[in-house]
>>> print(open('protein-v3.cif').read())   # mmCIF, C-alpha atoms
data_start
#
loop_
_atom_site.label_atom_id
_atom_site.label_comp_id
_atom_site.auth_asym_id
_atom_site.auth_seq_id
_atom_site.Cartn_x
_atom_site.Cartn_y
_atom_site.Cartn_z
CA MET D 1 -6.56 65.76 59.52
CA SER D 2 -5.78 68.58 61.93
CA ILE D 3 -7.98 69.35 64.90
CA ALA D 4 -8.60 72.84 63.47
CA SER D 5 -10.21 71.47 60.33
CA ALA D 6 -12.06 68.79 62.26
CA ALA D 7 -13.45 71.35 64.70
CA THR D 8 -14.63 73.79 62.05
CA ASP D 9 -15.82 72.00 58.94
CA THR D 10 -16.39 68.28 59.42
CA TYR D 11 -19.39 66.58 60.98
CA TYR D 12 -18.56 63.35 62.85
CA SER D 13 -21.05 60.68 63.79
CA ARG D 14 -20.60 59.19 67.26
CA GLU D 15 -18.92 56.12 65.77
CA ALA D 16 -16.59 58.17 63.52
CA PHE D 17 -15.66 60.40 66.47
CA ARG D 18 -14.75 57.38 68.61
CA ARG D 19 -12.65 55.90 65.82
CA TRP D 20 -10.92 59.27 65.36
CA CYS D 21 -10.20 59.53 69.11
CA GLU D 22 -8.68 56.05 69.21
CA ILE D 23 -5.92 57.05 66.78
CA GLN D 24 -4.96 60.29 68.54
CA THR D 25 -1.65 60.08 70.35
CA LYS D 26 -2.35 62.90 72.80
CA GLY D 27 -5.01 65.31 73.90
CA ARG D 28 -8.62 64.95 75.02
CA TYR D 29 -11.64 65.78 72.91
CA GLU D 30 -15.39 66.13 73.05
CA ARG D 31 -17.89 66.01 70.21
CA VAL D 32 -20.12 69.08 70.27
CA ASP D 33 -22.95 69.24 67.74
CA GLY D 34 -21.08 66.68 65.65
CA ARG D 35 -17.82 68.69 65.60
CA ILE D 36 -14.61 67.73 67.41
CA VAL D 37 -13.50 70.17 70.08
CA ALA D 38 -10.17 69.91 71.90
CA MET D 39 -10.30 70.06 75.69
CA ALA D 40 -7.85 72.53 77.26
CA PRO D 41 -5.24 71.47 79.83
CA GLU D 42 -6.57 71.64 83.40
CA ARG D 43 -5.21 73.95 86.10
CA GLY D 44 -4.37 72.95 89.68
CA ALA D 45 -7.53 74.39 91.29
CA HIS D 46 -9.67 72.60 88.72
CA LEU D 47 -7.91 69.28 89.33
CA ARG D 48 -8.15 69.53 93.13
CA VAL D 49 -11.87 70.37 93.08
CA LYS D 50 -12.59 67.70 90.47
CA GLY D 51 -10.88 65.07 92.63
CA ALA D 52 -12.74 66.20 95.75
CA ILE D 53 -16.09 66.00 93.94
CA TYR D 54 -15.43 62.48 92.75
CA LYS D 55 -14.41 61.38 96.26
CA ALA D 56 -17.51 63.03 97.80
CA LEU D 57 -19.83 61.38 95.26
CA ASP D 58 -18.15 58.00 95.71
CA ARG D 59 -18.46 58.27 99.51
CA ALA D 60 -22.11 59.36 99.28
CA VAL D 61 -23.09 56.51 96.93
CA ALA D 62 -21.46 53.96 99.26
CA ALA D 63 -22.98 55.53 102.41
CA ALA D 64 -26.48 55.56 100.93
CA GLY D 65 -26.19 52.03 99.55
CA VAL D 66 -27.72 53.06 96.24
CA ALA D 67 -27.35 50.91 93.14
CA GLY D 68 -24.92 53.11 91.31
CA GLN D 69 -21.35 54.13 90.85
CA ALA D 70 -19.51 57.43 90.99
CA LEU D 71 -17.19 57.84 88.03
CA PRO D 72 -14.33 60.31 87.57
CA ASP D 73 -13.74 62.17 84.33
CA GLY D 74 -13.33 59.96 81.32
CA ALA D 75 -16.86 58.56 81.14
CA THR D 76 -18.88 60.02 78.29
CA VAL D 77 -22.44 61.33 78.43
CA GLU D 78 -24.14 61.01 75.04
CA THR D 79 -26.55 63.84 74.23
CA GLY D 80 -27.90 63.80 70.70
CA ASP D 81 -25.08 65.01 68.42
CA SER D 82 -22.70 65.66 71.33
CA ASP D 83 -20.48 63.43 73.45
CA TYR D 84 -19.37 65.22 76.60
CA GLU D 85 -16.80 64.12 79.15
CA PRO D 86 -17.91 65.67 82.45
CA ASP D 87 -15.57 66.05 85.41
CA ALA D 88 -17.52 63.47 87.44
CA LEU D 89 -20.86 61.69 87.31
CA VAL D 90 -23.03 59.18 89.09
CA ASN D 91 -24.38 56.34 86.97
CA CYS D 92 -27.30 54.39 88.44
CA GLY D 93 -28.77 51.02 87.59
CA GLU D 94 -26.77 49.06 85.05
CA PRO D 95 -23.06 49.66 85.71
CA MET D 96 -20.82 50.98 82.99
CA ALA D 97 -19.41 47.97 81.12
CA ASP D 98 -15.66 47.36 81.24
CA ASP D 99 -15.23 48.13 77.55
CA ALA D 100 -17.76 51.01 77.38
CA VAL D 101 -16.89 54.70 77.02
CA ALA D 102 -20.39 56.05 77.76
CA ALA D 103 -22.30 55.88 81.03
CA PRO D 104 -25.58 54.03 80.32
CA ASN D 105 -27.68 55.84 82.95
CA PRO D 106 -26.11 59.08 84.19
CA VAL D 107 -28.21 60.59 86.98
CA ILE D 108 -25.81 63.23 88.33
CA VAL D 109 -23.42 65.12 86.04
CA VAL D 110 -20.75 67.51 87.31
CA GLU D 111 -18.70 70.13 85.46
CA VAL D 112 -15.99 72.23 87.10
CA LEU D 113 -15.73 75.61 85.42
CA SER D 114 -12.57 76.56 83.57
CA PRO D 115 -11.83 79.99 82.08
CA GLY D 116 -12.36 78.72 78.55
CA THR D 117 -15.45 76.56 79.18
CA ALA D 118 -17.70 78.61 81.47
CA ALA D 119 -20.05 79.75 78.71
CA THR D 120 -20.41 76.23 77.29
CA ASP D 121 -20.83 74.58 80.71
CA THR D 122 -23.56 77.02 81.77
CA GLY D 123 -25.30 77.20 78.39
CA GLY D 124 -25.12 74.47 75.77
CA LYS D 125 -24.15 71.66 78.12
CA LEU D 126 -26.90 72.61 80.57
CA ALA D 127 -29.52 72.22 77.86
CA ASP D 128 -27.91 69.11 76.39
CA TYR D 129 -27.47 67.21 79.65
CA PHE D 130 -31.14 67.61 80.50
CA ARG D 131 -32.06 66.14 77.11
CA VAL D 132 -30.84 62.83 78.55
CA PRO D 133 -33.91 61.37 80.32
CA SER D 134 -31.90 59.82 83.18
CA VAL D 135 -30.12 63.06 84.16
CA ALA D 136 -31.77 64.42 87.30
CA HIS D 137 -29.01 66.74 88.58
CA TYR D 138 -26.35 68.91 86.97
CA LEU D 139 -23.80 70.52 89.28
CA ILE D 140 -21.68 73.38 87.98
CA VAL D 141 -18.77 74.05 90.31
CA HIS D 142 -16.84 77.31 90.40
CA PRO D 143 -13.42 76.26 91.77
CA THR D 144 -12.22 79.66 92.99
CA ARG D 145 -15.50 81.23 94.15
CA ARG D 146 -16.47 78.21 96.28
CA THR D 147 -19.95 78.06 94.79
CA ILE D 148 -21.96 75.23 93.32
CA THR D 149 -24.92 75.77 91.04
CA HIS D 150 -27.32 72.84 91.40
CA HIS D 151 -29.74 72.35 88.52
CA ARG D 152 -32.40 69.75 89.38
CA ARG D 153 -35.08 68.22 87.19
CA THR D 154 -38.57 68.67 88.63
CA GLY D 155 -42.01 67.74 87.31
CA GLU D 156 -42.39 71.24 85.87
CA GLY D 157 -38.89 71.85 84.53
CA ILE D 158 -35.47 72.64 85.94
CA GLU D 159 -35.00 74.19 89.39
CA THR D 160 -31.74 76.05 90.07
CA ARG D 161 -30.05 76.80 93.41
CA ILE D 162 -26.72 78.44 94.12
CA ILE D 163 -25.10 76.82 97.14
CA VAL D 164 -22.18 78.26 99.11
CA ASN D 165 -22.22 75.98 102.17
CA GLY D 166 -23.92 72.97 103.66
CA PRO D 167 -25.55 69.92 102.13
CA ILE D 168 -26.52 69.26 98.53
CA THR D 169 -29.27 66.64 98.50
CA MET D 170 -29.74 64.75 95.25
CA ASP D 171 -32.78 62.49 95.04
CA PRO D 172 -32.75 60.47 92.93
CA PRO D 173 -30.53 58.63 93.66
CA GLY D 174 -30.80 59.58 97.35
CA ILE D 175 -27.35 60.91 98.20
CA VAL D 176 -25.99 63.96 99.99
CA VAL D 177 -22.64 65.70 99.57
CA THR D 178 -21.56 68.93 101.23
CA VAL D 179 -19.88 72.04 99.91
CA GLU D 180 -17.30 71.60 102.67
CA GLU D 181 -16.36 68.12 101.37
CA ILE D 182 -15.60 69.69 98.01
CA PHE D 183 -13.87 72.91 99.07
CA GLY D 184 -12.83 72.22 102.66
CA ALA D 185 -13.99 74.23 105.66
CA GLY D 186 -14.46 77.87 104.69
#
>>> encode(input="protein-v3.cif", output="structure tokens")
Amino acid sequence: MSIASAATDTYYSREAFRRWCEIQTKGRYERVDGRIVAMAPERGAHLRVKGAIYKALDRAVAAAGVAGQALPDGATVETGDSDYEPDALVNCGEPMADDAVAAPNPVIVVEVLSPGTAATDTGGKLADYFRVPSVAHYLIVHPTRRTITHHRRTGEGIETRIIVNGPITMDPPGIVVTVEEIFGAG
């Protein structure tokens, strides 16, 4: 089955999607509303920022001594009929099992914008990630504009801040990263 037909006219359950992915010889895919969607190749700016975010989250988790782990891209966040692979995340509580593909308790989810994914990352994924009860923070990073949009769950809904410098405090789990860690001194 070609990815074109899979993406347009076949619904995949989570289990069928994972079986399908296991037999692919190349490429990366997400399941969006039950349909398979190919992930585009990543550009240099995207890769550099994604790596810096993972390192900043990993440092912050260790410095705060929280019971959690920063994970680079590859870990899945399950949201209803979608299985997303964010660019980085922080999983708290029970660690991700060695043979698992999904983070059991994602608290922070990060997406780095790409030209082809900006609308999805700021629309459908925003709504879907906050359907996961454990997700408290969703960071959307613009790699060339040096901005981070921080969506945070509150008692009344979702609060949004656009951050161009300084600290980004995320509680829970009680960690702080800075814009400068991610983009370098501006």
>>> resolve_selection(input="protein-v3.cif", expression="the PyMOL selection byres ((chain D and resi 150) around 9)", output="count of residues only")
15
>>> residues_around(input="protein-v3.cif", residues="region 55-66 of chain D", least_positions_apart="4", cutoff="10 Å", atoms="all atoms listed in the file", output="ChimeraX atom specification")
/D:49-51,70-72,88-90,92-93,108,172-182
>>> axis_aligned_box(input="protein-v3.cif", around="region 33-49 of chain D", padding_each_side="8 Å", output="JSON")
{"center_x": -13.7, "center_y": 70.5, "center_z": 79.4, "size_x": 34.6, "size_y": 23.7, "size_z": 43.5}
>>> residues_near_point(input="protein-v3.cif", point="(-7.4, 69.2, 89.5)", cutoff="12 Å", atoms="only C-alpha atoms", output="list in words")
Pro41, Glu42, Arg43, Gly44, Ala45, His46, Leu47, Arg48, Val49, Lys50, Gly51, Ala52, Ile53, Tyr54, Pro72, Asp73, Asp87, Ala88, Val112, Leu113, Ser114, Pro143 and Ile182 of chain D
>>> closest_residue(input="protein-v3.cif", among="D:Glu85, D:Asp128, D:Glu156, D:Asp121", to="Glu30 (chain D)", atoms="all atoms listed in the file")
D:Glu85
>>> closest_residue(input="protein-v3.cif", among="D:Thr79, D:Ile23, D:Pro86, D:Arg145", to="Glu111 (chain D)", atoms="only C-alpha atoms")
D:Pro86
>>> resolve_selection(input="protein-v3.cif", expression="the PyMOL selection byres ((chain D and resi 104) around 9)", output="list in words")
Val77, Glu78, Asn91, Cys92, Gly93, Glu94, Pro95, Met96, Ala97, Ala100, Ala102, Ala103, Asn105 and Pro106 of chain D
>>> build_atoms(input="protein-v3.cif", residues="region 26-38 of chain D", atoms="N, CA and C atoms", output="PDB file, in the frame of the given file")
ATOM      1  N   LYS D  26      -2.274  62.082  71.594  1.00  0.00           N
ATOM      2  CA  LYS D  26      -2.350  62.900  72.800  1.00  0.00           C
ATOM      3  C   LYS D  26      -3.557  63.822  72.706  1.00  0.00           C
ATOM      4  N   GLY D  27      -3.889  64.401  73.847  1.00  0.00           N
ATOM      5  CA  GLY D  27      -5.010  65.310  73.900  1.00  0.00           C
ATOM      6  C   GLY D  27      -6.310  64.615  74.271  1.00  0.00           C
ATOM      7  N   ARG D  28      -7.286  65.440  74.682  1.00  0.00           N
ATOM      8  CA  ARG D  28      -8.620  64.950  75.020  1.00  0.00           C
ATOM      9  C   ARG D  28      -9.609  65.781  74.218  1.00  0.00           C
ATOM     10  N   TYR D  29     -10.694  65.133  73.816  1.00  0.00           N
ATOM     11  CA  TYR D  29     -11.640  65.780  72.910  1.00  0.00           C
ATOM     12  C   TYR D  29     -13.065  65.456  73.299  1.00  0.00           C
ATOM     13  N   GLU D  30     -13.962  66.366  72.953  1.00  0.00           N
ATOM     14  CA  GLU D  30     -15.390  66.130  73.050  1.00  0.00           C
ATOM     15  C   GLU D  30     -15.978  66.349  71.664  1.00  0.00           C
ATOM     16  N   ARG D  31     -17.148  65.779  71.456  1.00  0.00           N
ATOM     17  CA  ARG D  31     -17.890  66.010  70.210  1.00  0.00           C
ATOM     18  C   ARG D  31     -19.050  66.908  70.571  1.00  0.00           C
ATOM     19  N   VAL D  32     -19.082  68.097  69.981  1.00  0.00           N
ATOM     20  CA  VAL D  32     -20.120  69.080  70.270  1.00  0.00           C
ATOM     21  C   VAL D  32     -20.858  69.385  68.973  1.00  0.00           C
ATOM     22  N   ASP D  33     -22.140  69.061  68.940  1.00  0.00           N
ATOM     23  CA  ASP D  33     -22.950  69.240  67.740  1.00  0.00           C
ATOM     24  C   ASP D  33     -22.307  68.594  66.514  1.00  0.00           C
ATOM     25  N   GLY D  34     -21.683  67.427  66.744  1.00  0.00           N
ATOM     26  CA  GLY D  34     -21.080  66.680  65.650  1.00  0.00           C
ATOM     27  C   GLY D  34     -19.679  67.127  65.273  1.00  0.00           C
ATOM     28  N   ARG D  35     -19.160  68.165  65.914  1.00  0.00           N
ATOM     29  CA  ARG D  35     -17.820  68.690  65.600  1.00  0.00           C
ATOM     30  C   ARG D  35     -16.867  68.333  66.736  1.00  0.00           C
ATOM     31  N   ILE D  36     -15.621  68.074  66.407  1.00  0.00           N
ATOM     32  CA  ILE D  36     -14.610  67.730  67.410  1.00  0.00           C
ATOM     33  C   ILE D  36     -14.054  69.011  68.010  1.00  0.00           C
ATOM     34  N   VAL D  37     -14.018  69.019  69.346  1.00  0.00           N
ATOM     35  CA  VAL D  37     -13.500  70.170  70.080  1.00  0.00           C
ATOM     36  C   VAL D  37     -12.436  69.664  71.053  1.00  0.00           C
ATOM     37  N   ALA D  38     -11.251  70.281  70.994  1.00  0.00           N
ATOM     38  CA  ALA D  38     -10.170  69.910  71.900  1.00  0.00           C
ATOM     39  C   ALA D  38     -10.475  70.432  73.299  1.00  0.00           C
TER      40      ALA D  38
END
